[in-house]
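Colleague: Just entry-v4.cif, nothing more (mmCIF, C-alpha atoms and all ligand atoms):
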data_data
#
loop_
_atom_site.label_atom_id
_atom_site.label_comp_id
_atom_site.auth_asym_id
_atom_site.auth_seq_id
_atom_site.Cartn_x
_atom_site.Cartn_y
_atom_site.Cartn_z
CA MET A 1 -25.84 -7.27 20.98
CA ASN A 2 -28.88 -6.65 18.83
CA SER A 3 -28.24 -6.65 15.08
CA SER A 4 -29.97 -3.33 14.43
CA ILE A 5 -27.71 -1.64 17.00
CA LEU A 6 -24.73 -3.24 15.22
CA PHE A 7 -26.09 -1.93 11.92
CA TYR A 8 -26.09 1.63 13.28
CA ILE A 9 -22.60 1.14 14.71
CA ILE A 10 -21.42 0.07 11.24
CA ILE A 11 -23.00 3.17 9.65
CA ALA A 12 -21.45 5.36 12.39
CA ILE A 13 -17.97 3.86 11.83
CA LEU A 14 -18.18 4.56 8.09
CA LEU A 15 -19.36 8.15 8.69
CA ILE A 16 -16.81 8.92 11.40
CA GLN A 17 -13.97 7.58 9.25
CA PHE A 18 -15.19 9.74 6.40
CA ILE A 19 -15.34 12.86 8.58
CA ILE A 20 -11.84 12.32 10.03
CA GLU A 21 -10.44 11.73 6.56
CA THR A 22 -12.12 14.83 5.12
CA VAL A 23 -10.88 17.05 7.96
CA LEU A 24 -7.31 15.73 7.54
CA GLU A 25 -7.37 16.30 3.78
CA TYR A 26 -8.76 19.79 4.30
CA LEU A 27 -6.11 20.74 6.88
CA ASN A 28 -3.42 19.43 4.58
CA ALA A 29 -4.80 21.25 1.55
CA LYS A 30 -4.84 24.54 3.44
CA ARG A 31 -1.06 24.27 3.74
CA TYR A 32 -0.35 23.85 0.03
CA THR A 33 0.27 27.58 -0.30
CA ASP A 34 2.56 27.87 2.76
CA VAL A 35 5.99 29.42 2.33
CA VAL A 36 8.58 26.79 1.42
CA PRO A 37 11.28 26.43 4.11
CA SER A 38 14.60 27.91 2.95
CA GLU A 39 16.27 24.47 3.20
CA LEU A 40 13.98 23.31 0.42
CA SER A 41 13.99 26.44 -1.73
CA ASP A 42 16.19 24.74 -4.33
CA VAL A 43 13.90 21.76 -4.87
CA PHE A 44 11.67 23.53 -7.37
CA ASP A 45 11.99 26.67 -9.42
CA LYS A 46 9.03 29.04 -9.44
CA GLU A 47 7.23 27.55 -12.41
CA GLU A 48 7.79 23.98 -11.23
CA TYR A 49 6.45 24.84 -7.80
CA ARG A 50 3.31 26.32 -9.32
CA LYS A 51 2.88 23.07 -11.27
CA SER A 52 3.46 21.02 -8.12
CA GLN A 53 0.78 22.94 -6.21
CA GLU A 54 -1.62 22.58 -9.11
CA TYR A 55 -0.97 18.83 -9.05
CA LYS A 56 -1.71 18.58 -5.33
CA LYS A 57 -4.91 20.61 -5.67
CA THR A 58 -6.08 18.46 -8.57
CA ASN A 59 -5.45 15.30 -6.58
CA TYR A 60 -7.20 16.79 -3.55
CA ARG A 61 -10.37 17.54 -5.53
CA PHE A 62 -10.22 14.16 -7.26
CA GLY A 63 -9.78 12.39 -3.89
CA MET A 64 -12.80 14.21 -2.44
CA VAL A 65 -15.07 13.29 -5.34
CA SER A 66 -14.05 9.64 -5.28
CA THR A 67 -14.37 9.31 -1.46
CA VAL A 68 -17.82 10.90 -1.41
CA PHE A 69 -18.86 8.66 -4.26
CA SER A 70 -17.65 5.44 -2.66
CA LEU A 71 -19.09 6.33 0.78
CA SER A 72 -22.52 7.07 -0.74
CA LEU A 73 -22.44 3.84 -2.65
CA THR A 74 -21.45 1.78 0.42
CA LEU A 75 -24.18 3.38 2.54
CA LEU A 76 -26.82 2.87 -0.14
CA PHE A 77 -25.72 -0.71 -0.55
CA LEU A 78 -26.03 -1.36 3.20
CA ILE A 79 -29.36 0.44 3.57
CA LEU A 80 -31.01 -1.08 0.49
CA GLY A 81 -29.97 -4.65 1.37
CA GLY A 82 -27.29 -5.12 -1.30
CA PHE A 83 -25.49 -7.87 0.60
CA GLU A 84 -28.72 -9.88 1.00
CA TRP A 85 -29.29 -9.58 -2.75
CA ILE A 86 -25.79 -10.89 -3.58
CA ASP A 87 -26.11 -13.63 -0.96
CA THR A 88 -29.36 -14.82 -2.59
CA ILE A 89 -27.72 -14.91 -6.02
CA ALA A 90 -24.74 -16.88 -4.66
CA ARG A 91 -27.03 -19.35 -2.89
CA SER A 92 -29.00 -20.00 -6.06
CA TYR A 93 -25.91 -21.60 -7.61
CA SER A 94 -24.79 -23.94 -4.84
CA ASP A 95 -25.37 -25.35 -1.36
CA ASN A 96 -21.68 -25.61 -0.59
CA PRO A 97 -20.55 -22.84 1.84
CA ILE A 98 -17.16 -22.56 0.09
CA VAL A 99 -18.69 -22.15 -3.37
CA ILE A 100 -21.28 -19.68 -2.03
CA ALA A 101 -18.54 -17.61 -0.36
CA LEU A 102 -16.43 -17.59 -3.54
CA ILE A 103 -19.38 -16.42 -5.66
CA PHE A 104 -20.38 -13.88 -2.99
CA PHE A 105 -16.92 -12.29 -2.80
CA GLY A 106 -16.43 -12.69 -6.55
CA ILE A 107 -19.53 -10.58 -7.26
CA ILE A 108 -18.48 -7.96 -4.69
CA MET A 109 -14.95 -7.74 -6.16
CA ILE A 110 -16.15 -7.47 -9.75
CA GLY A 111 -18.84 -4.95 -8.81
CA ASN A 112 -16.33 -2.88 -6.88
CA ASP A 113 -13.90 -3.02 -9.78
CA ILE A 114 -16.52 -1.89 -12.30
CA VAL A 115 -17.35 1.08 -10.08
CA THR A 116 -13.75 2.11 -9.27
CA THR A 117 -12.12 1.51 -12.67
CA PRO A 118 -13.42 4.78 -14.22
CA PHE A 119 -11.73 6.60 -11.33
CA SER A 120 -8.36 4.90 -11.71
CA TYR A 121 -8.59 5.32 -15.49
CA TYR A 122 -9.25 9.05 -15.07
CA HIS A 123 -6.42 9.34 -12.55
CA THR A 124 -3.89 7.67 -14.85
CA PHE A 125 -4.91 9.05 -18.25
CA VAL A 126 -6.18 12.48 -17.30
CA ILE A 127 -4.44 13.66 -14.12
CA GLU A 128 -1.08 11.85 -14.30
CA GLU A 129 -1.05 12.44 -18.07
CA LYS A 130 -1.67 16.18 -17.70
CA PHE A 131 1.27 16.53 -15.30
CA GLY A 132 3.55 14.44 -17.48
CA PHE A 133 3.92 11.39 -15.20
CA ASN A 134 1.99 8.86 -17.19
CA LYS A 135 3.90 6.57 -19.54
CA SER A 136 1.33 3.77 -19.48
CA THR A 137 -0.74 2.92 -22.53
CA LYS A 138 -4.39 1.97 -22.55
CA LYS A 139 -3.45 -1.52 -23.57
CA LEU A 140 -1.03 -1.83 -20.64
CA PHE A 141 -3.68 -0.46 -18.25
CA TRP A 142 -6.16 -3.16 -19.25
CA THR A 143 -3.67 -6.03 -19.34
CA ASP A 144 -2.47 -5.02 -15.84
CA LYS A 145 -6.06 -5.12 -14.68
CA PHE A 146 -6.68 -8.48 -16.27
CA LYS A 147 -3.54 -10.01 -14.74
CA GLY A 148 -4.51 -8.53 -11.37
CA TRP A 149 -7.90 -10.23 -11.59
CA ILE A 150 -6.46 -13.63 -12.46
CA MET A 151 -3.98 -13.35 -9.58
CA MET A 152 -6.74 -12.31 -7.18
CA MET A 153 -8.92 -15.23 -8.27
CA ILE A 154 -6.17 -17.79 -7.79
CA LEU A 155 -4.50 -16.47 -4.64
CA GLY A 156 -7.42 -14.70 -2.93
CA GLY A 157 -9.92 -17.39 -3.87
CA GLY A 158 -7.57 -20.18 -2.82
CA ILE A 159 -6.84 -18.67 0.58
CA LEU A 160 -10.52 -17.89 1.25
CA ALA A 161 -11.56 -21.43 0.28
CA LEU A 162 -8.94 -22.94 2.59
CA ILE A 163 -9.95 -20.70 5.52
CA ILE A 164 -13.62 -21.65 5.20
CA TRP A 165 -12.60 -25.28 4.95
CA PHE A 166 -10.61 -24.88 8.22
CA PHE A 167 -13.72 -23.33 9.77
CA GLN A 168 -15.93 -26.25 8.75
CA TRP A 169 -13.45 -28.68 10.07
CA ALA A 170 -12.07 -27.04 13.25
CA GLY A 171 -14.87 -24.63 14.27
CA THR A 172 -13.70 -21.50 16.09
CA ASN A 173 -10.18 -22.96 16.29
CA PHE A 174 -9.95 -22.27 12.55
CA TRP A 175 -8.06 -19.08 13.37
CA VAL A 176 -4.89 -20.98 14.36
CA TYR A 177 -4.76 -22.80 11.01
CA ALA A 178 -5.70 -19.68 9.08
CA TRP A 179 -2.93 -17.84 10.87
CA ALA A 180 -0.38 -20.51 9.98
CA LEU A 181 -1.53 -20.47 6.35
CA ILE A 182 -1.37 -16.67 6.00
CA SER A 183 2.00 -16.50 7.79
CA VAL A 184 3.58 -19.11 5.54
CA PHE A 185 2.05 -17.39 2.52
CA SER A 186 3.38 -13.93 3.44
CA LEU A 187 6.81 -15.33 4.24
CA PHE A 188 6.83 -17.08 0.89
CA MET A 189 5.68 -13.91 -0.88
CA ASN A 190 8.33 -11.83 0.82
CA LEU A 191 10.99 -14.24 -0.38
CA PHE A 192 9.75 -14.90 -3.89
CA TYR A 193 7.65 -11.87 -4.83
CA SER A 194 10.42 -10.48 -7.05
CA ARG A 195 10.94 -13.82 -8.72
CA LEU A 196 7.32 -14.90 -9.21
CA ILE A 197 4.98 -11.90 -9.23
CA VAL A 198 7.01 -8.94 -10.51
CA PRO A 199 7.90 -10.70 -13.82
CA LEU A 200 4.15 -10.84 -14.63
CA PHE A 201 4.11 -7.04 -14.76
CA ASN A 202 7.69 -5.87 -15.41
CA LYS A 203 10.99 -6.81 -16.91
CA GLN A 204 13.93 -7.09 -14.50
CA THR A 205 17.51 -7.24 -15.66
CA PRO A 206 20.69 -7.58 -13.60
CA LEU A 207 22.48 -4.24 -13.28
CA GLU A 208 25.07 -4.12 -16.06
CA GLU A 209 28.81 -4.13 -15.39
CA GLY A 210 30.34 -0.67 -15.17
CA ASN A 211 31.10 2.26 -12.96
CA LEU A 212 27.83 2.25 -11.04
CA LYS A 213 27.98 -1.45 -10.32
CA SER A 214 31.57 -1.30 -9.08
CA LYS A 215 30.72 1.65 -6.83
CA ILE A 216 27.75 -0.22 -5.37
CA GLU A 217 29.83 -3.36 -4.86
CA ALA A 218 32.64 -1.42 -3.23
CA TYR A 219 30.15 0.15 -0.83
CA ALA A 220 28.46 -3.17 -0.03
CA LYS A 221 31.80 -4.82 0.66
CA ASN A 222 32.80 -1.93 2.88
CA VAL A 223 29.76 -2.37 5.16
CA GLY A 224 29.97 -6.16 5.09
CA PHE A 225 26.78 -6.64 3.13
CA GLU A 226 26.66 -9.60 0.82
CA LEU A 227 24.97 -8.39 -2.31
CA LYS A 228 24.56 -10.64 -5.30
CA ASN A 229 21.25 -9.50 -6.70
CA ILE A 230 20.99 -5.95 -8.01
CA PHE A 231 18.22 -5.63 -10.56
CA VAL A 232 16.97 -2.85 -12.75
CA ILE A 233 13.23 -2.79 -13.34
CA ASP A 234 11.53 -1.07 -16.28
CA GLY A 235 9.33 1.22 -14.16
CA SER A 236 9.50 3.75 -17.00
CA LYS A 237 6.93 1.81 -18.98
CA ARG A 238 4.21 3.03 -16.61
CA SER A 239 5.39 6.21 -14.93
CA THR A 240 8.22 8.74 -14.78
CA LYS A 241 8.24 8.47 -10.96
CA ALA A 242 11.39 6.82 -9.58
CA ASN A 243 11.91 4.34 -6.77
CA ALA A 244 14.21 1.70 -5.26
CA TYR A 245 13.31 -1.10 -2.89
CA PHE A 246 14.66 -4.01 -0.97
CA SER A 247 13.04 -7.43 -0.79
CA GLY A 248 13.58 -10.90 0.61
CA PHE A 249 16.23 -11.99 3.06
CA GLY A 250 19.02 -14.53 3.35
CA LYS A 251 20.04 -15.82 -0.06
CA GLU A 252 16.93 -14.32 -1.69
CA LYS A 253 17.67 -10.75 -0.71
CA ARG A 254 17.81 -8.35 -3.60
CA ILE A 255 17.81 -4.68 -4.38
CA THR A 256 15.66 -3.40 -7.19
CA LEU A 257 16.37 -0.05 -8.82
CA TYR A 258 13.89 1.63 -11.16
CA ASP A 259 15.38 2.53 -14.53
CA THR A 260 13.91 5.99 -13.92
CA LEU A 261 16.08 6.27 -10.79
CA ILE A 262 19.21 5.41 -12.75
CA ASN A 263 18.35 8.03 -15.37
CA ASP A 264 17.52 10.81 -12.90
CA LEU A 265 20.29 10.44 -10.28
CA GLU A 266 24.08 10.71 -10.28
CA GLU A 267 26.05 7.58 -9.41
CA ASP A 268 26.87 8.80 -5.90
CA GLU A 269 23.23 9.59 -5.28
CA ILE A 270 22.21 6.09 -6.33
CA VAL A 271 24.78 4.56 -3.98
CA ALA A 272 23.36 6.78 -1.21
CA VAL A 273 19.81 5.56 -1.89
CA LEU A 274 21.14 2.02 -1.87
CA ALA A 275 22.99 2.66 1.40
CA HIS A 276 19.65 3.71 2.88
CA GLU A 277 18.11 0.42 1.73
CA VAL A 278 21.03 -1.55 3.17
CA GLY A 279 20.39 0.38 6.40
CA HIS A 280 16.87 -1.07 6.55
CA TYR A 281 18.32 -4.52 6.23
CA LYS A 282 21.15 -4.05 8.70
CA ARG A 283 18.86 -2.50 11.32
CA LYS A 284 16.56 -5.55 10.92
CA HIS A 285 13.56 -3.49 9.82
CA ILE A 286 12.55 -6.08 7.27
CA ILE A 287 12.38 -8.87 9.85
CA PHE A 288 10.59 -6.55 12.29
CA ASN A 289 7.92 -5.55 9.77
CA LEU A 290 7.32 -9.11 8.75
CA SER A 291 7.02 -10.31 12.37
CA ALA A 292 4.77 -7.40 13.30
CA SER A 293 2.42 -8.07 10.42
CA ILE A 294 2.29 -11.79 11.28
CA LEU A 295 1.48 -10.97 14.94
CA LEU A 296 -1.21 -8.46 13.92
CA THR A 297 -2.75 -11.02 11.58
CA GLY A 298 -2.87 -13.51 14.48
CA LEU A 299 -4.58 -10.95 16.72
CA THR A 300 -7.14 -10.06 14.04
CA LEU A 301 -7.94 -13.71 13.31
CA PHE A 302 -8.27 -14.47 17.02
CA ILE A 303 -10.77 -11.63 17.51
CA LEU A 304 -12.56 -12.76 14.34
CA SER A 305 -12.91 -16.25 15.84
CA ILE A 306 -14.77 -14.76 18.83
CA PHE A 307 -17.34 -13.03 16.61
CA ILE A 308 -17.61 -15.38 13.67
CA ASN A 309 -20.32 -17.63 15.20
CA ASN A 310 -22.38 -14.68 16.34
CA PRO A 311 -25.33 -14.48 13.90
CA GLU A 312 -25.88 -10.80 14.75
CA VAL A 313 -22.71 -9.84 12.85
CA SER A 314 -24.16 -11.30 9.63
CA LEU A 315 -27.63 -9.88 10.30
CA ALA A 316 -26.10 -6.43 10.89
CA ILE A 317 -25.14 -6.08 7.23
CA GLY A 318 -28.67 -7.06 6.24
CA VAL A 319 -28.05 -10.70 5.33
CA SER A 320 -30.89 -12.91 6.60
CA GLN A 321 -29.02 -16.21 6.63
CA PRO A 322 -25.93 -15.96 8.89
CA SER A 323 -22.75 -17.32 7.34
CA PHE A 324 -18.97 -17.13 7.54
CA HIS A 325 -18.70 -14.89 4.51
CA ALA A 326 -21.40 -12.44 5.66
CA ALA A 327 -19.90 -12.26 9.15
CA LEU A 328 -16.51 -11.59 7.54
CA ILE A 329 -17.85 -8.42 5.88
CA GLY A 330 -19.57 -7.22 9.07
CA PHE A 331 -16.48 -7.97 11.12
CA GLY A 332 -14.27 -6.19 8.58
CA ILE A 333 -16.10 -2.92 9.12
CA LEU A 334 -16.52 -3.32 12.90
CA TYR A 335 -12.81 -4.09 13.24
CA SER A 336 -11.64 -1.19 11.08
CA PRO A 337 -11.25 1.31 14.00
CA ILE A 338 -8.78 -1.14 15.57
CA SER A 339 -6.91 -1.64 12.30
CA GLU A 340 -6.78 2.15 11.84
CA PHE A 341 -5.18 2.34 15.25
CA THR A 342 -2.59 -0.37 14.57
CA GLY A 343 -1.96 1.36 11.23
CA LEU A 344 -1.04 4.54 13.11
CA ILE A 345 1.49 2.62 15.21
CA MET A 346 2.97 0.91 12.14
CA ASN A 347 3.33 4.25 10.36
CA ALA A 348 5.03 5.81 13.38
CA MET A 349 7.46 2.85 13.52
CA SER A 350 8.08 3.12 9.81
CA ARG A 351 8.95 6.84 10.06
CA LYS A 352 11.37 6.01 12.86
CA PHE A 353 12.94 3.31 10.67
CA GLU A 354 13.37 5.79 7.82
CA PHE A 355 15.44 8.03 10.09
CA GLN A 356 17.51 5.04 11.19
CA ALA A 357 18.13 4.00 7.57
CA ASP A 358 19.06 7.61 6.72
CA ASP A 359 21.47 7.65 9.67
CA PHE A 360 23.01 4.42 8.45
CA ALA A 361 23.55 5.87 4.98
CA LYS A 362 24.96 9.05 6.51
CA LYS A 363 27.46 7.14 8.66
CA THR A 364 28.56 4.51 6.18
CA PHE A 365 28.43 6.58 3.01
CA ALA A 366 27.72 10.33 3.04
CA PRO A 367 24.83 12.63 3.90
CA LYS A 368 25.19 15.00 0.95
CA PRO A 369 24.33 12.72 -1.98
CA LEU A 370 21.37 11.36 -0.01
CA ILE A 371 20.08 14.90 0.54
CA THR A 372 20.38 15.78 -3.12
CA SER A 373 18.81 12.49 -4.21
CA LEU A 374 15.85 12.98 -1.86
CA LYS A 375 15.38 16.47 -3.26
CA LYS A 376 15.47 15.20 -6.83
CA LEU A 377 13.03 12.40 -6.06
CA SER A 378 10.65 14.87 -4.37
CA LYS A 379 10.89 17.18 -7.31
CA ASN A 380 10.23 14.40 -9.82
CA SER A 381 7.11 13.23 -8.01
CA LEU A 382 5.92 16.82 -7.31
CA SER A 383 5.66 15.84 -3.66
CA ASN A 384 4.26 18.04 -0.93
CA LEU A 385 6.95 20.15 0.79
CA THR A 386 4.61 21.55 3.44
CA PRO A 387 2.34 18.76 4.71
CA HIS A 388 0.18 19.27 7.81
CA PRO A 389 1.62 17.47 10.89
CA ALA A 390 -1.70 15.74 11.63
CA TYR A 391 -1.80 14.43 8.07
CA VAL A 392 1.79 13.23 8.38
CA PHE A 393 0.97 11.51 11.67
CA VAL A 394 -1.90 9.54 10.17
CA HIS A 395 -0.81 8.85 6.60
CA TYR A 396 2.94 9.17 6.14
CA SER A 397 5.07 6.06 6.27
CA HIS A 398 8.10 8.27 5.51
CA PRO A 399 8.97 11.50 7.36
CA PRO A 400 8.44 14.70 5.32
CA LEU A 401 11.43 15.79 3.23
CA MET A 402 12.18 18.71 5.55
CA SER A 403 12.60 16.51 8.66
CA ARG A 404 14.74 14.02 6.77
CA ILE A 405 17.08 16.73 5.53
CA GLN A 406 17.33 18.30 8.99
CA ASN A 407 18.19 14.88 10.40
CA LEU A 408 20.80 14.27 7.70
CA LYS A 409 22.40 17.65 8.31
CA ALA A 410 22.40 17.32 12.10
ZN ZN B 1 13.42 3.66 3.54
#
Could I get this structure in the form of structure tokens?
Modeller:
Amino acid sequence: MNSSILFYIIIAILLIQFIIETVLEYLNAKRYTDVVPSELSDVFDKEEYRKSQEYKKTNYRFGMVSTVFSLSLTLLFLILGGFEWIDTIARSYSDNPIVIALIFFGIIMIGNDIVTTPFSYYHTFVIEEKFGFNKSTKKLFWTDKFKGWIMMMILGGGILALIIWFFQWAGTNFWVYAWALISVFSLFMNLFYSRLIVPLFNKQTPLEEGNLKSKIEAYAKNVGFELKNIFVIDGSKRSTKANAYFSGFGKEKRITLYDTLINDLEEDEIVAVLAHEVGHYKRKHIIFNLSASILLTGLTLFILSIFINNPEVSLAIGVSQPSFHAALIGFGILYSPISEFTGLIMNAMSRKFEFQADDFAKKTFAPKPLITSLKKLSKNSLSNLTPHPAYVFVHYSHPPLMSRIQNLKA
């Protein structure tokens, strides 16, 4: 296919994605003022609900401005030959394809970060601050960013360099080696993320002895779940929003509770949230998600290997000298409709898994404390009680509160 046709396809993909996204956001926003179902009438009082709707509207407007901004910038960049310009800079420093690719992506990452940082800064210190969620300080914001950059340079740069090295050495068969590398890496991350990465950003302490711990242990024993690692993380240093999650498997499996969760919920409610997390483990959702993402990575890399030697893919983004790194950008955009589609399937699976984990908690513990905890968590994050079904279908990895409560009461 001719590279100028591919160029127009790339522009069309970006525009169509923007239009779909805008329509979905608009449909969802129109429902903000819907009547709250009677089941959920006790989540907020009148004043809180007004605040929650104000929060959603503010985020809606903010989202629109930032999407329009980033789309315009991407289109301008493509049309004015931005990638060619960066490619020329990168090539002026080295002849080595790996070094060129690292400089090329390095400039894109830094440029992107400079452009998006004002938005995330505004979101944290103006919007989240105004609604009382933000606990982060400016110093913490910047050190987080700095640590994120260092991590990206080491991990992202290392993986990219290895993949290009595989390509030089194995040609189009590089995808098999790249697949093995990424699979091992994600398996490793899944196992050791809490041990290696989380400590860079947060403090984790074992849950202290006491009533809550004995209740959790009694529950775990009851369902035959070996639980040695229960940690409390200081989420409160960044936000008032609460959470709990499960990570790892085998000996490395652990449950992490946010300190905000422990402060906001009763002991029974915490055990119910934990029972839900154990449900994910017992129903093998963690293994499923990991396998699915490894298989999807394999598929993506295989398709990439078909297109990577096609110079038109590089030329389509306006780069005159075809290369692995330029083709990677072109491919990334051309492939995005397929990844949107697999994303829809993964979200649908995830919503199904949430119901299964809720059912597990309902059967092995009790439905009531889970219902009240979900209500409290929704209240604390000012979450949307009346989302549009189309928006839920595309974006929600968890079913809306209303459906979860209906399922728990059934
Ligand atoms: Zn869940």
Colleague: Which residues of chain A come within 12 Å of ligand ZN 1 (chain B), and what is each one's closest atom pair and distance in Å (one decimal), counting only C-alpha atoms and all ligand atoms, sorted by chain and residue number, as CSV?
Modeller:
residue,atom,partner,partner_atom,distance
A:Asn243,CA,B:ZN1,ZN,10.4
A:Ala244,CA,B:ZN1,ZN,9.1
A:Tyr245,CA,B:ZN1,ZN,8.0
A:Phe246,CA,B:ZN1,ZN,9.0
A:Ser247,CA,B:ZN1,ZN,11.9
A:Ala272,CA,B:ZN1,ZN,11.4
A:Val273,CA,B:ZN1,ZN,8.6
A:Leu274,CA,B:ZN1,ZN,9.6
A:Ala275,CA,B:ZN1,ZN,9.9
A:His276,CA,B:ZN1,ZN,6.3
A:Glu277,CA,B:ZN1,ZN,6.0
A:Val278,CA,B:ZN1,ZN,9.2
A:Gly279,CA,B:ZN1,ZN,8.2
A:His280,CA,B:ZN1,ZN,6.6
A:Tyr281,CA,B:ZN1,ZN,9.9
A:Arg283,CA,B:ZN1,ZN,11.3
A:His285,CA,B:ZN1,ZN,9.5
A:Ile286,CA,B:ZN1,ZN,10.5
A:Met349,CA,B:ZN1,ZN,11.7
A:Ser350,CA,B:ZN1,ZN,8.3
A:Arg351,CA,B:ZN1,ZN,8.5
A:Lys352,CA,B:ZN1,ZN,9.8
A:Phe353,CA,B:ZN1,ZN,7.2
A:Glu354,CA,B:ZN1,ZN,4.8
A:Phe355,CA,B:ZN1,ZN,8.1
A:Gln356,CA,B:ZN1,ZN,8.8
A:Ala357,CA,B:ZN1,ZN,6.2
A:Asp358,CA,B:ZN1,ZN,7.6
A:Asp359,CA,B:ZN1,ZN,10.9
A:Phe360,CA,B:ZN1,ZN,10.8
A:Ala361,CA,B:ZN1,ZN,10.5
A:Leu370,CA,B:ZN1,ZN,11.6
A:Leu374,CA,B:ZN1,ZN,11.0
A:Ser397,CA,B:ZN1,ZN,9.1
A:His398,CA,B:ZN1,ZN,7.3
A:Pro399,CA,B:ZN1,ZN,9.8
A:Arg404,CA,B:ZN1,ZN,10.9
Colleague: Enter the distance from atom CA of A:Ile317 to atom CA of A:Ile10, in Å, rounded to one decimal.
Modeller: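 Between atom CA of A:Ile317 and atom CA of A:Ile10 the gap works out to 8.2 Å.
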Colleague: Counting only C-alpha atoms, what is within 12 Å of A:Asn380, bar same-chain residues fewer than 6 positions away, as number ranges by chain?
Modeller: A: 43-44, 48-49, 51-52, 131-133, 239-243, 260-261, 263-265, 373-374
Colleague: Could you state the separation of atom CA of A:Val271 and atom CA of A:Leu40 in Å, given to one decimal place?
Modeller: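 Between these atoms lies a distance of 22.1 Å.
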Colleague: When distances are computed from all atoms listed in the file, which of A:Phe69, A:Phe167, A:Phe77, A:Tyr55 shows the smallest separation from A:Glu129?
Modeller: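 Closest to A:Glu129, using all atoms listed in the file: A:Tyr55.
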Colleague: Name the residues in contact with A:Arg91 at a cut-off of 9 Å, using all atoms listed in the file, excluding same-chain residues fewer than 4 positions from it; report them as a ChimeraX atom specification.
Modeller: /A:86-87,95-97,99-100,103-104
Colleague: What lies within 12 Å of A:Pro389 using only C-alpha atoms, ignoring chain neighbours under 6 positions off, as a PyMOL selection string?
Modeller: chain A and resi 24-25+27-29+31+395-396+399-400+402-403
Colleague: Record the distance separating atom CA of A:Lys251 and atom CA of A:Thr364, expressed in Å with one decimal.
Modeller: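 Interatomic distance, atom CA of A:Lys251 to atom CA of A:Thr364: 22.9 Å.
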Colleague: Leaving out A:Ile20 and any residue of its chain fewer than 5 positions from it, which residues lie within 12 Å of it when counting only C-alpha atoms, given as a list of chain:residue names?
Modeller: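 Skipping anything fewer than 5 positions along the chain leaves A:Ile13, A:Leu14, A:Leu15, A:Glu25, A:Tyr26, A:Leu27, A:Pro337, A:Glu340, A:Ala390, A:Tyr391, A:Val394.
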Colleague: Suppose we keep C-alpha atoms; can you now write the selection as a compact mmCIF listing (two decimals), in the frame of the given file?
Modeller:
# COMPACT_ATOMS: atom_id res chain seq x y z
CA ILE A 13 -17.97 3.86 11.83
CA LEU A 14 -18.18 4.56 8.09
CA LEU A 15 -19.36 8.15 8.69
CA GLU A 25 -7.37 16.30 3.78
CA TYR A 26 -8.76 19.79 4.30
CA LEU A 27 -6.11 20.74 6.88
CA PRO A 337 -11.25 1.31 14.00
CA GLU A 340 -6.78 2.15 11.84
CA ALA A 390 -1.70 15.74 11.63
CA TYR A 391 -1.80 14.43 8.07
CA VAL A 394 -1.90 9.54 10.17
Colleague: Point out the residue among A:Ser236, A:Ile5, A:Leu408, A:Leu315 with the least atom-to-atom distance to A:Lys362, counting all atoms listed in the file.
Modeller: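 Ranked by minimum distance to A:Lys362, first place goes to A:Leu408.
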Colleague: Hey, which of A:Pro322, A:Trp149, A:Ile19, A:Ser92 ends up closest to A:Thr67? Count only C-alpha atoms.
Modeller: A:Ile19
Colleague: With only C-alpha atoms as the counted atoms, please give the residues lying no more than 12 Å from A:Ile306, apart from itself and same-chain residues fewer than 2 positions off, as a PyMOL selection string.
Modeller: chain A and resi 171-175+299-304+308-311+313+327-328+331
Colleague: Which is closer to A:Lys30 than all the others in A:Gln53, A:Ser339, A:Thr297, A:Gln17, using all atoms listed in the file?
Modeller: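 Closest to A:Lys30 of all the choices is A:Gln53.
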Colleague: Which of these residues is nearest to A:Gly157, using all atoms listed in the file: A:Gly106, A:Ile79, A:Tyr335, A:Asp45?
Modeller: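 Result for the nearest residue to A:Gly157: A:Gly106.
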Colleague: Edge lengths and centre, in Å to one decimal, as lines of an AutoDock Vina configuration file: that's what I need for the box along x, y and z that holds all listed atoms of stretch 196-214 of chain A plus 3 Å on each side.
Modeller:
center_x = 17.8
center_y = -6.3
center_z = -13.0
size_x = 33.5
size_y = 23.2
size_z = 13.8
Colleague: Using only C-alpha atoms, which of A:Met151, A:Ala12, A:Leu140, A:Ala101 sits nearest A:Ile164?
Modeller: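 Smallest separation from A:Ile164 among the options: A:Ala101.
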